[in-house]
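Content type mmCIF, C-alpha atoms, from the file query20.cif:
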data_entry
#
loop_
_atom_site.group_PDB
_atom_site.id
_atom_site.type_symbol
_atom_site.label_atom_id
_atom_site.label_comp_id
_atom_site.auth_asym_id
_atom_site.auth_seq_id
_atom_site.Cartn_x
_atom_site.Cartn_y
_atom_site.Cartn_z
ATOM 1 C CA MET H 27 -112.683 163.306 210.342
ATOM 2 C CA ARG H 28 -109.967 163.163 207.690
ATOM 3 C CA PHE H 29 -110.062 164.783 204.266
ATOM 4 C CA VAL H 30 -110.187 161.323 202.709
ATOM 5 C CA ASP H 31 -113.333 160.417 204.711
ATOM 6 C CA THR H 32 -115.384 163.201 203.123
ATOM 7 C CA ILE H 33 -116.388 161.409 199.908
ATOM 8 C CA ASP H 34 -117.642 157.848 199.976
ATOM 9 C CA GLY H 35 -114.836 155.654 198.618
ATOM 10 C CA LEU H 36 -112.055 158.248 198.746
ATOM 11 C CA ASN H 37 -110.488 156.459 201.709
ATOM 12 C CA GLU H 38 -110.010 153.461 199.411
ATOM 13 C CA VAL H 39 -107.854 155.588 197.110
ATOM 14 C CA PHE H 40 -105.732 156.940 199.982
ATOM 15 C CA LYS H 41 -104.051 154.817 202.631
ATOM 16 C CA THR H 42 -103.095 157.950 204.571
ATOM 17 C CA ASP H 43 -104.726 161.367 204.718
ATOM 18 C CA ILE H 44 -103.985 164.409 202.589
ATOM 19 C CA PRO H 45 -101.393 166.231 204.730
ATOM 20 C CA LYS H 46 -102.556 169.436 206.339
ATOM 21 C CA ASN H 47 -100.968 172.685 205.101
ATOM 22 C CA SER H 48 -100.624 171.170 201.618
ATOM 23 C CA VAL H 49 -101.424 172.902 198.330
ATOM 24 C CA VAL H 50 -103.615 170.531 196.300
ATOM 25 C CA LEU H 51 -104.408 171.097 192.625
ATOM 26 C CA ILE H 52 -107.768 169.770 191.383
ATOM 27 C CA THR H 53 -107.501 169.645 187.613
ATOM 28 C CA GLY H 54 -109.616 168.450 184.691
ATOM 29 C CA ALA H 55 -111.781 169.415 181.723
ATOM 30 C CA ALA H 56 -115.166 171.112 181.932
ATOM 31 C CA GLY H 57 -117.889 168.921 183.438
ATOM 32 C CA THR H 58 -115.581 166.644 185.431
ATOM 33 C CA LEU H 59 -116.960 167.739 188.851
ATOM 34 C CA LYS H 60 -113.946 169.743 190.018
ATOM 35 C CA SER H 61 -116.009 172.255 191.998
ATOM 36 C CA GLY H 62 -118.275 169.562 193.437
ATOM 37 C CA PHE H 63 -115.324 167.401 194.480
ATOM 38 C CA THR H 64 -113.552 170.282 196.209
ATOM 39 C CA PHE H 65 -116.681 171.675 197.833
ATOM 40 C CA GLN H 66 -117.754 168.299 199.242
ATOM 41 C CA VAL H 67 -114.292 167.595 200.653
ATOM 42 C CA LEU H 68 -114.178 170.938 202.462
ATOM 43 C CA SER H 69 -117.803 171.086 203.595
ATOM 44 C CA ASN H 70 -117.912 167.538 204.973
ATOM 45 C CA TYR H 71 -114.493 167.884 206.603
ATOM 46 C CA LEU H 72 -115.321 171.146 208.357
ATOM 47 C CA GLU H 73 -118.748 169.935 209.472
ATOM 48 C CA GLN H 74 -117.039 167.338 211.664
ATOM 49 C CA GLN H 75 -114.180 169.538 212.870
ATOM 50 C CA ASP H 76 -113.819 172.506 215.190
ATOM 51 C CA GLU H 77 -112.376 174.418 212.229
ATOM 52 C CA TYR H 78 -113.495 176.893 209.560
ATOM 53 C CA GLY H 79 -112.759 177.442 205.898
ATOM 54 C CA LEU H 80 -113.148 179.831 202.979
ATOM 55 C CA TYR H 81 -114.324 178.946 199.458
ATOM 56 C CA VAL H 82 -113.477 181.691 196.948
ATOM 57 C CA THR H 83 -115.526 181.587 193.751
ATOM 58 C CA LEU H 84 -114.437 183.709 190.795
ATOM 59 C CA GLU H 85 -116.649 182.090 188.160
ATOM 60 C CA GLN H 86 -120.145 181.804 189.636
ATOM 61 C CA SER H 87 -122.199 183.849 192.063
ATOM 62 C CA LYS H 88 -122.691 182.358 195.514
ATOM 63 C CA GLU H 89 -126.332 181.634 194.719
ATOM 64 C CA ASN H 90 -125.558 179.821 191.467
ATOM 65 C CA HIS H 91 -122.751 177.869 193.101
ATOM 66 C CA LEU H 92 -124.961 176.646 195.946
ATOM 67 C CA GLN H 93 -127.712 175.740 193.492
ATOM 68 C CA ASN H 94 -125.236 173.668 191.512
ATOM 69 C CA MET H 95 -123.972 171.926 194.646
ATOM 70 C CA GLY H 96 -127.518 171.218 195.804
ATOM 71 C CA SER H 97 -128.361 169.576 192.474
ATOM 72 C CA MET H 98 -125.619 167.023 193.224
ATOM 73 C CA GLY H 99 -126.767 166.370 196.784
ATOM 74 C CA ILE H 100 -123.820 168.274 198.272
ATOM 75 C CA SER H 101 -124.724 170.325 201.343
ATOM 76 C CA LEU H 102 -123.023 173.434 202.724
ATOM 77 C CA SER H 103 -121.484 173.385 206.178
ATOM 78 C CA ASN H 104 -122.079 176.585 208.133
ATOM 79 C CA LYS H 105 -118.347 176.467 208.895
ATOM 80 C CA LEU H 106 -117.495 177.008 205.226
ATOM 81 C CA HIS H 107 -117.820 180.629 204.139
ATOM 82 C CA ILE H 108 -118.266 181.416 200.443
ATOM 83 C CA SER H 109 -116.505 184.550 199.210
ATOM 84 C CA ASP H 110 -118.036 185.657 195.912
ATOM 85 C CA PHE H 111 -115.339 187.293 193.788
ATOM 86 C CA SER H 112 -117.245 186.878 190.536
ATOM 87 C CA ASP H 113 -118.099 190.588 190.443
ATOM 88 C CA TYR H 114 -114.370 191.399 190.562
ATOM 89 C CA ARG H 115 -114.131 190.237 186.962
ATOM 90 C CA VAL H 116 -115.853 193.515 186.096
ATOM 91 C CA GLN H 117 -114.922 195.786 188.987
ATOM 92 C CA TYR H 118 -111.166 195.203 188.940
ATOM 93 C CA ASP H 119 -110.527 194.748 185.244
ATOM 94 C CA ASP H 120 -108.425 197.916 185.171
ATOM 95 C CA PHE H 121 -106.514 196.859 188.285
ATOM 96 C CA SER H 122 -105.857 193.245 187.375
ATOM 97 C CA ASP H 123 -102.196 193.366 188.384
ATOM 98 C CA ASP H 124 -103.349 193.828 191.983
ATOM 99 C CA LEU H 125 -105.893 191.012 192.017
ATOM 100 C CA LEU H 126 -103.563 188.426 193.541
ATOM 101 C CA GLY H 127 -102.799 190.874 196.321
ATOM 102 C CA ILE H 128 -106.502 191.594 196.784
ATOM 103 C CA LEU H 129 -107.270 187.875 196.942
ATOM 104 C CA GLU H 130 -104.473 187.201 199.429
ATOM 105 C CA GLU H 131 -105.607 190.116 201.595
ATOM 106 C CA ASN H 132 -109.186 188.827 201.544
ATOM 107 C CA ILE H 133 -108.087 185.358 202.693
ATOM 108 C CA LEU H 134 -105.824 186.690 205.439
ATOM 109 C CA GLN H 135 -108.498 189.106 206.658
ATOM 110 C CA PHE H 136 -110.976 186.239 206.893
ATOM 111 C CA LYS H 137 -108.519 184.274 209.024
ATOM 112 C CA LYS H 138 -107.913 187.332 211.203
ATOM 113 C CA ASN H 139 -111.665 187.617 211.802
ATOM 114 C CA VAL H 140 -112.177 183.895 212.459
ATOM 115 C CA GLY H 141 -108.930 183.157 214.273
ATOM 116 C CA GLU H 142 -106.542 180.204 214.289
ATOM 117 C CA LYS H 143 -109.397 177.762 213.706
ATOM 118 C CA CYS H 144 -109.488 178.924 210.080
ATOM 119 C CA THR H 145 -107.557 176.126 208.379
ATOM 120 C CA CYS H 146 -108.800 175.602 204.796
ATOM 121 C CA VAL H 147 -109.197 177.644 201.638
ATOM 122 C CA ALA H 148 -110.277 176.826 198.072
ATOM 123 C CA ILE H 149 -109.881 179.015 194.971
ATOM 124 C CA ASP H 150 -112.343 178.319 192.140
ATOM 125 C CA SER H 151 -110.803 178.748 189.686
ATOM 126 C CA LEU H 152 -107.274 179.591 188.593
ATOM 127 C CA GLY H 153 -108.447 180.023 185.003
ATOM 128 C CA ALA H 154 -110.835 182.801 186.004
ATOM 129 C CA LEU H 155 -108.088 184.369 188.117
ATOM 130 C CA TYR H 156 -105.540 184.242 185.281
ATOM 131 C CA SER H 157 -108.001 185.877 182.880
ATOM 132 C CA LEU H 158 -107.827 189.013 185.030
ATOM 133 C CA LEU H 159 -104.048 189.173 185.333
ATOM 134 C CA SER H 160 -101.969 191.085 182.781
ATOM 135 C CA VAL H 161 -98.576 189.707 183.730
ATOM 136 C CA GLU H 162 -95.842 187.716 182.002
ATOM 137 C CA PRO H 163 -95.782 183.939 182.703
ATOM 138 C CA ARG H 164 -92.514 184.230 184.655
ATOM 139 C CA ASP H 165 -93.942 186.953 186.885
ATOM 140 C CA LEU H 166 -97.209 185.039 187.270
ATOM 141 C CA ARG H 167 -95.364 181.977 188.558
ATOM 142 C CA LYS H 168 -93.335 184.132 190.945
ATOM 143 C CA ASN H 169 -96.451 185.887 192.264
ATOM 144 C CA MET H 170 -98.374 182.628 192.629
ATOM 145 C CA TYR H 171 -95.457 181.077 194.516
ATOM 146 C CA LYS H 172 -95.392 184.052 196.878
ATOM 147 C CA MET H 173 -99.127 183.842 197.591
ATOM 148 C CA LEU H 174 -99.067 180.079 198.133
ATOM 149 C CA GLU H 175 -96.073 180.341 200.462
ATOM 150 C CA THR H 176 -97.999 182.938 202.472
ATOM 151 C CA LEU H 177 -100.924 180.522 202.776
ATOM 152 C CA ARG H 178 -98.569 177.736 203.848
ATOM 153 C CA ARG H 179 -97.051 179.957 206.533
ATOM 154 C CA GLU H 180 -100.559 180.732 207.740
ATOM 155 C CA GLU H 181 -101.077 176.935 207.969
ATOM 156 C CA PHE H 182 -103.868 176.725 205.407
ATOM 157 C CA THR H 183 -104.663 173.545 203.520
ATOM 158 C CA THR H 184 -105.246 175.037 200.072
ATOM 159 C CA PHE H 185 -107.245 173.580 197.176
ATOM 160 C CA LEU H 186 -106.764 175.147 193.726
ATOM 161 C CA ILE H 187 -109.172 174.329 190.896
ATOM 162 C CA LEU H 188 -107.746 174.442 187.375
ATOM 163 C CA GLU H 189 -109.821 173.756 184.280
ATOM 164 C CA GLU H 190 -108.006 172.311 181.298
ATOM 165 C CA GLU H 191 -109.217 173.435 177.888
ATOM 166 C CA LYS H 192 -108.766 170.032 176.297
ATOM 167 C CA LEU H 193 -110.679 166.894 177.142
ATOM 168 C CA SER H 194 -108.947 165.003 179.936
ATOM 169 C CA ASP H 195 -107.451 161.671 179.029
ATOM 170 C CA MET H 196 -105.821 159.108 181.289
ATOM 171 C CA ALA H 197 -102.871 158.805 178.928
ATOM 172 C CA ASP H 198 -102.006 162.476 179.294
ATOM 173 C CA SER H 199 -99.996 163.451 182.380
ATOM 174 C CA SER H 200 -99.178 167.036 181.416
ATOM 175 C CA THR H 201 -99.612 169.838 183.915
ATOM 176 C CA GLY H 202 -98.509 173.448 183.658
ATOM 177 C CA MET H 203 -96.589 175.519 186.149
ATOM 178 C CA GLU H 204 -99.249 174.799 188.782
ATOM 179 C CA GLY H 205 -97.983 171.235 189.044
ATOM 180 C CA TYR H 206 -94.620 172.486 190.224
ATOM 181 C CA LEU H 207 -96.194 174.743 192.835
ATOM 182 C CA ALA H 208 -98.560 172.122 194.268
ATOM 183 C CA ASP H 209 -97.859 169.415 196.825
ATOM 184 C CA GLY H 210 -100.591 167.256 195.357
ATOM 185 C CA ILE H 211 -102.450 166.837 192.067
ATOM 186 C CA ILE H 212 -105.865 165.172 191.833
ATOM 187 C CA GLU H 213 -106.974 164.704 188.245
ATOM 188 C CA LEU H 214 -110.648 164.460 187.296
ATOM 189 C CA GLY H 215 -111.545 163.400 183.785
ATOM 190 C CA LEU H 216 -113.773 161.495 181.362
ATOM 191 C CA HIS H 217 -113.126 157.973 180.123
ATOM 192 C CA LEU H 218 -114.873 157.169 176.844
ATOM 193 C CA LYS H 219 -115.540 153.607 175.693
ATOM 194 C CA GLY H 220 -117.892 153.300 172.756
ATOM 195 C CA ASN H 221 -121.040 155.215 173.663
ATOM 196 C CA VAL H 222 -120.328 155.013 177.389
ATOM 197 C CA ALA H 223 -118.665 157.873 179.278
ATOM 198 C CA ASN H 224 -117.532 157.609 182.893
ATOM 199 C CA ARG H 225 -116.092 160.340 185.035
ATOM 200 C CA TYR H 226 -112.979 159.277 186.901
ATOM 201 C CA MET H 227 -110.521 160.582 189.456
ATOM 202 C CA ARG H 228 -106.926 159.647 190.055
ATOM 203 C CA VAL H 229 -104.202 160.979 192.292
ATOM 204 C CA ARG H 230 -101.241 162.041 190.195
ATOM 205 C CA LYS H 231 -99.129 162.950 193.220
ATOM 206 C CA MET H 232 -99.546 163.718 196.904
ATOM 207 C CA ARG H 233 -96.413 164.412 198.898
ATOM 208 C CA ALA H 234 -96.100 162.620 202.253
ATOM 209 C CA SER H 235 -99.158 160.478 201.515
ATOM 210 C CA SER H 236 -99.640 156.856 200.454
ATOM 211 C CA HIS H 237 -102.206 156.465 197.678
ATOM 212 C CA SER H 238 -103.288 154.566 194.587
ATOM 213 C CA MET H 239 -102.318 156.028 191.222
ATOM 214 C CA GLU H 240 -104.995 154.117 189.322
ATOM 215 C CA PRO H 241 -108.176 155.768 187.997
ATOM 216 C CA TRP H 242 -111.371 155.366 190.049
ATOM 217 C CA ILE H 243 -114.924 156.059 188.876
ATOM 218 C CA LEU H 244 -116.429 159.301 190.213
ATOM 219 C CA ALA H 245 -120.229 159.408 190.220
ATOM 220 C CA VAL H 246 -123.052 161.637 191.473
ATOM 221 C CA SER H 247 -125.622 160.175 193.880
ATOM 222 C CA ASP H 248 -128.569 161.605 195.811
ATOM 223 C CA THR H 249 -126.250 162.257 198.762
ATOM 224 C CA GLY H 250 -123.262 163.721 196.935
ATOM 225 C CA LEU H 251 -120.299 162.268 195.098
ATOM 226 C CA LYS H 252 -119.129 158.670 195.365
ATOM 227 C CA ILE H 253 -115.904 156.959 194.274
ATOM 228 C CA TYR H 254 -115.557 153.299 193.446
ATOM 229 C CA LYS H 255 -113.280 150.934 191.581
ATOM 230 C CA GLY H 256 -114.040 150.657 187.884
ATOM 231 C CA ASN H 257 -112.925 148.493 185.019
ATOM 232 C CA PHE H 258 -110.999 150.700 182.612
#
Would you encode the structure as structure tokens?
Amino acid sequence: MRFVDTIDGLNEVFKTDIPKNSVVLITGAAGTLKSGFTFQVLSNYLEQQDEYGLYVTLEQSKENHLQNMGSMGISLSNKLHISDFSDYRVQYDDFSDDLLGILEENILQFKKNVGEKCTCVAIDSLGALYSLLSVEPRDLRKNMYKMLETLRREEFTTFLILEEEKLSDMADSSTGMEGYLADGIIELGLHLKGNVANRYMRVRKMRASSHSMEPWILAVSDTGLKIYKGNF
């Protein structure tokens, strides 16, 4: 099982797999299926591998997250553990400068408990994480770089979800500091034509991987997400 075999049609977008130990940014506006995309990739990948992963949610409770995934036909692999950090938004508000360290420690402790077969981690989302951090942008970038380098050294494949405030548009290729820190960027968005709206995905970059850079339609089915070629 490859990462690109986890969503029907994703292997048409990629000629080669997403490299292991990469940091991949999943970005887009609200409602573009960022959490569903990331969760399905990890859950389906791990279900077919002798590996384990950690999904850190800072926005929703574990129960709400699983309910949302179930509504899209996305199932949970028992090899993917969900770490619910949503309560930290209240508990650690006065200690927000330490939250990156707390998050890193949580991830590393999980790997210590599971062992070397722990290979994947997702953080949902960076926006929720940033809202708890009272640091200057320069220090934030430095601290994020340090944490991501630690995850690379621990041989994690890391998925970072980032919600953009504005509506995604295929003509806009802007990305903040996260784009410089990531090995790959997968953009999810909405394409509007008259009264018709289609969700789409496109790969903006993926180091050491061969892939299409065109937009592909992303849709929800009874058995999870599907990707297919659309006419834009």
Point to revise | Selection: 9 Å around segment 34-47 of chain H, all atoms listed in the file, excl. self and same-chain fewer than 3 positions, as number ranges by chain | key: H: 28-31, 50, 145-146, 177-184, 210, 228-229, 232-240, 242, 250-255
Review point. Counting only C-alpha atoms, what is within 10 Å of Leu72 of chain H, bar same-chain residues fewer than 2 positions away, as an MDAnalysis selection string?
Key: chainID H and resid 27:29 32 66:70 74:79 102:106 144:146
Practice item. Identify all residues satisfying the PyMOL selection byres ((chain H and resi 52) around 7) in the given file; provide them as a PyMOL selection string. Key: chain H and resi 50-51+53+60+185-188+211-213
Point to revise | Residue neighbourhood Phe65 of chain H, 8 Å, all atoms listed in the file, exclusion window fewer than 4 positions, as a VMD selection string | key: chain H and resid 61 69 81 95 100
What does the file look like for those residues with C-alpha atoms, as an mmCIF file, in the coordinates of the input?
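As a result, again_7.cif now contains:
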data_model
loop_
_atom_site.group_PDB
_atom_site.id
_atom_site.type_symbol
_atom_site.label_atom_id
_atom_site.label_comp_id
_atom_site.auth_asym_id
_atom_site.auth_seq_id
_atom_site.Cartn_x
_atom_site.Cartn_y
_atom_site.Cartn_z
ATOM 1 C CA SER H 61 -116.009 172.255 191.998
ATOM 2 C CA SER H 69 -117.803 171.086 203.595
ATOM 3 C CA TYR H 81 -114.324 178.946 199.458
ATOM 4 C CA MET H 95 -123.972 171.926 194.646
ATOM 5 C CA ILE H 100 -123.820 168.274 198.272
#
**Study point:** Cut-off 8 Å around (-117.7, 182.7, 184.8) with only C-alpha atoms: residues as a ChimeraX atom specification
**Key:** /H:84-86,112,154
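Ranking H:Val222, H:Glu190, H:Asp110, H:Lys231 by their shortest atom-to-atom distance to Asp209 of chain H, with only C-alpha atoms included, puts H:Lys231 first.
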Check your understanding: If you measure from atom CA of Ser109 of chain H to atom CA of Glu162 of chain H, what distance in Å do you get, rounded to one decimal?
Key -> 27.1 Å
Check your understanding: Just how far from atom CA of Gly54 of chain H is atom CA of Arg230 of chain H, in Å to one decimal?
Key -> 11.9 Å
Practice item. Kindly give the distance, in Å, that separates atom CA of Gly62 of chain H and atom CA of Gly153 of chain H, rounded to a single decimal. Key: 16.6 Å
Check your understanding: Given the file above and the PyMOL selection byres ((chain H and resi 172-174) around 9), which residues are selected, and can you give them as a PyMOL selection string?
Key -> chain H and resi 49+126-127+130+167-171+175-179+184+207-208
Can you write just those residues out, C-alpha atoms, as an mmCIF file, keeping the file's coordinate frame?
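File produced: selection-v4.cif:
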data_model
loop_
_atom_site.group_PDB
_atom_site.id
_atom_site.type_symbol
_atom_site.label_atom_id
_atom_site.label_comp_id
_atom_site.auth_asym_id
_atom_site.auth_seq_id
_atom_site.Cartn_x
_atom_site.Cartn_y
_atom_site.Cartn_z
ATOM 1 C CA VAL H 49 -101.424 172.902 198.330
ATOM 2 C CA LEU H 126 -103.563 188.426 193.541
ATOM 3 C CA GLY H 127 -102.799 190.874 196.321
ATOM 4 C CA GLU H 130 -104.473 187.201 199.429
ATOM 5 C CA ARG H 167 -95.364 181.977 188.558
ATOM 6 C CA LYS H 168 -93.335 184.132 190.945
ATOM 7 C CA ASN H 169 -96.451 185.887 192.264
ATOM 8 C CA MET H 170 -98.374 182.628 192.629
ATOM 9 C CA TYR H 171 -95.457 181.077 194.516
ATOM 10 C CA GLU H 175 -96.073 180.341 200.462
ATOM 11 C CA THR H 176 -97.999 182.938 202.472
ATOM 12 C CA LEU H 177 -100.924 180.522 202.776
ATOM 13 C CA ARG H 178 -98.569 177.736 203.848
ATOM 14 C CA ARG H 179 -97.051 179.957 206.533
ATOM 15 C CA THR H 184 -105.246 175.037 200.072
ATOM 16 C CA LEU H 207 -96.194 174.743 192.835
ATOM 17 C CA ALA H 208 -98.560 172.122 194.268
#
Check your understanding: Contacts of Thr83 of chain H at 9 Å or less, counting only C-alpha atoms, minus same-chain residues fewer than 5 places along, as JSON, numbers by chain?
Key -> {"H": [88, 91, 108, 109, 110, 111, 112, 148, 149, 150, 151]}
Review point. For Lys143 of chain H, which residue out of H:Ile33, H:Leu80, H:Leu214, H:Leu129 is the nearest one, using only C-alpha atoms?
Key: H:Leu80
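Nearest-residue note for Met203 of chain H: choosing from H:Ile128, H:Leu159, H:Leu152, H:Ile133, the minimum distance belongs to H:Leu152, counting only C-alpha atoms.
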For segment 87-93 of chain H, take all atoms listed in the file, fit an axis-aligned box around them, add 4 Å to each of the six sides, then output centre and edge lengths in Å rounded to one decimal, as AutoDock Vina command-line options.
--center_x -125.0 --center_y 179.8 --center_z 193.7 --size_x 13.5 --size_y 16.1 --size_z 12.5
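The nearest approach to Phe258 of chain H among the residues H:Met227, H:His107, H:Lys219, H:Met98, with all atoms listed in the file taken into account, belongs to H:Lys219.
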